[in-house]
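A short write-up of the structure that comes next.
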Amino acid sequence: MKKLSFSLIILLMLSSCLFSKGEGYKRITMDEAAVLMQKEEGYILLDVRTKAEYESGYIPGAINIPLGDIDERVVSSLPDKEQMILVYCRSGNRSRQASDKLVKLGYKNIIEIGGINSWKGEVVKKQ
């Protein structure tokens, strides 16, 4: 009986560790994001690539805050920490890093959507 109780306690401790290490943000595909953007309003579409990458082509409506600029100063650009923010980059690596940073800054509704490489919709280019 003691072995069973000890095993149960260990199992509970391990499972709580696994669940508490969650990313703190949601991850969806670009296809799912396209559907979400058609249904939802009031979200921010955040491109975290460099300015040059952004200007070479971005998803319509996206704002650009490069990954390296996401810190405490970003709060003035994104004041509503409850607002839905869809985060993307070129391939998905920087968007995950940016989503992690935003969660650590207290943002509650972050959705990481991967890279523009997977985007099948319109792309705007800055002249």
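Numbering starts fresh at 1 for the residues of each chain in the structure tokens, the chains themselves are lettered A, B, ... in the order given, and ligands are numbered from 1 as they appear.
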* Enumerate the residues of chain A with a DSSP assignment of strand (DSSP E or B), computed from the backbone, and present them as number ranges by chain. => A: 26-27, 44-47, 58, 63-64, 85-89, 110-115, 124
* Could you give me the residues within range 33-115 of chain A that DSSP places in helix (DSSP H, G or I), as a VMD selection string? => chain A and resid 33 to 39 51 to 56 67 to 69 72 to 76 93 to 104
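Distances to Ser91 in chain A were evaluated for A:Val103, A:Leu46, A:Ile116, A:Ile63 using only C-alpha atoms, and the minimum falls at A:Ile116.
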* Asked: Using only C-alpha atoms, which residues sit within 9 Å of Lys108 in chain A once same-chain residues fewer than 4 positions away are excluded, as a ChimeraX atom specification?
  -> /A:24-25,81-84,102-103
* Leaving out Lys101 in chain A and any residue of its chain fewer than 2 positions from it, which residues lie within 12 Å of it when counting only C-alpha atoms, given as a PyMOL selection string? -> chain A and resi 23-25+48+67-72+74-75+87+94-99+103-108+110+112
Just to be explicit: take each residue in the selection above, keep C-alpha atoms, and write the result as an mmCIF file, in the first residue's frame.
```cif
data_model
loop_
_atom_site.group_PDB
_atom_site.id
_atom_site.type_symbol
_atom_site.label_atom_id
_atom_site.label_comp_id
_atom_site.auth_asym_id
_atom_site.auth_seq_id
_atom_site.Cartn_x
_atom_site.Cartn_y
_atom_site.Cartn_z
ATOM 1 C CA GLU A 23 4.082 27.615 -23.508
ATOM 2 C CA GLY A 24 1.428 30.062 -22.318
ATOM 3 C CA TYR A 25 0.214 30.723 -25.857
ATOM 4 C CA VAL A 48 8.117 39.911 -36.003
ATOM 5 C CA LEU A 67 11.659 40.133 -32.510
ATOM 6 C CA GLY A 68 14.641 42.047 -31.124
ATOM 7 C CA ASP A 69 12.397 45.003 -30.268
ATOM 8 C CA ILE A 70 9.954 42.997 -28.161
ATOM 9 C CA ASP A 71 10.651 43.989 -24.580
ATOM 10 C CA GLU A 72 9.090 46.231 -21.928
ATOM 11 C CA VAL A 74 6.527 47.141 -26.657
ATOM 12 C CA VAL A 75 3.775 47.660 -24.081
ATOM 13 C CA VAL A 87 2.149 36.364 -34.271
ATOM 14 C CA ARG A 94 10.980 33.835 -34.388
ATOM 15 C CA SER A 95 7.206 33.839 -33.939
ATOM 16 C CA ARG A 96 7.557 31.200 -31.198
ATOM 17 C CA GLN A 97 10.289 33.250 -29.521
ATOM 18 C CA ALA A 98 8.204 36.429 -29.776
ATOM 19 C CA SER A 99 5.117 34.664 -28.418
ATOM 20 C CA VAL A 103 3.591 35.924 -22.522
ATOM 21 C CA LYS A 104 6.439 36.801 -20.139
ATOM 22 C CA LEU A 105 5.473 40.478 -20.522
ATOM 23 C CA GLY A 106 1.949 39.611 -19.337
ATOM 24 C CA TYR A 107 -0.009 39.239 -22.586
ATOM 25 C CA LYS A 108 -2.848 36.732 -22.186
ATOM 26 C CA ILE A 110 -1.260 35.205 -27.888
ATOM 27 C CA GLU A 112 1.432 31.847 -32.738
#
```
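CA of Glu40 in chain A sits 13.2 Å away from CA of Asn109 in chain A.
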* What is the distance, in Å and to one decimal place, between CA of Ala52 in chain A and CA of Val35 in chain A? -> 27.5 Å
* Asked: Which is closer to Lys51 in chain A than all the others in A:Trp119, A:Arg27, A:Cys89, A:Ala34, using only C-alpha atoms?
  -> A:Cys89
* To do: Record the distance separating CA of Tyr54 in chain A and CA of Pro66 in chain A, expressed in Å with one decimal.
  => 9.0 Å
* To do: Determine, counting only C-alpha atoms, which protein, DNA and RNA residues have an atom within 9 Å of an atom of Ala62 in chain A; residues of the same chain fewer than 6 positions away are not included. Present the result as a list of chain:residue names.
  => A:Ile44, A:Leu45, A:Leu46, A:Asp47
* Using only C-alpha atoms, find the one residue out of A:Met30, A:Gly57, A:Gly42, A:Thr50 that sits nearest to Gln127 in chain A. => A:Gly57
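Distances to Glu53 in chain A were evaluated for A:Arg90, A:Leu78, A:Asn117, A:Ile28 using only C-alpha atoms, and the minimum falls at A:Arg90.
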* Structure fact -> Across A:Tyr43, A:Ile111, A:Ile65, A:Asp31, the smallest distance to Asp80 in chain A, with only C-alpha atoms counted, is shown by A:Tyr43
* Kindly indicate which residue among A:Asn93, A:Ser56, A:Ser77, A:Gln38 lies nearest to Lys126 in chain A, using only C-alpha atoms for the distances. => A:Ser56
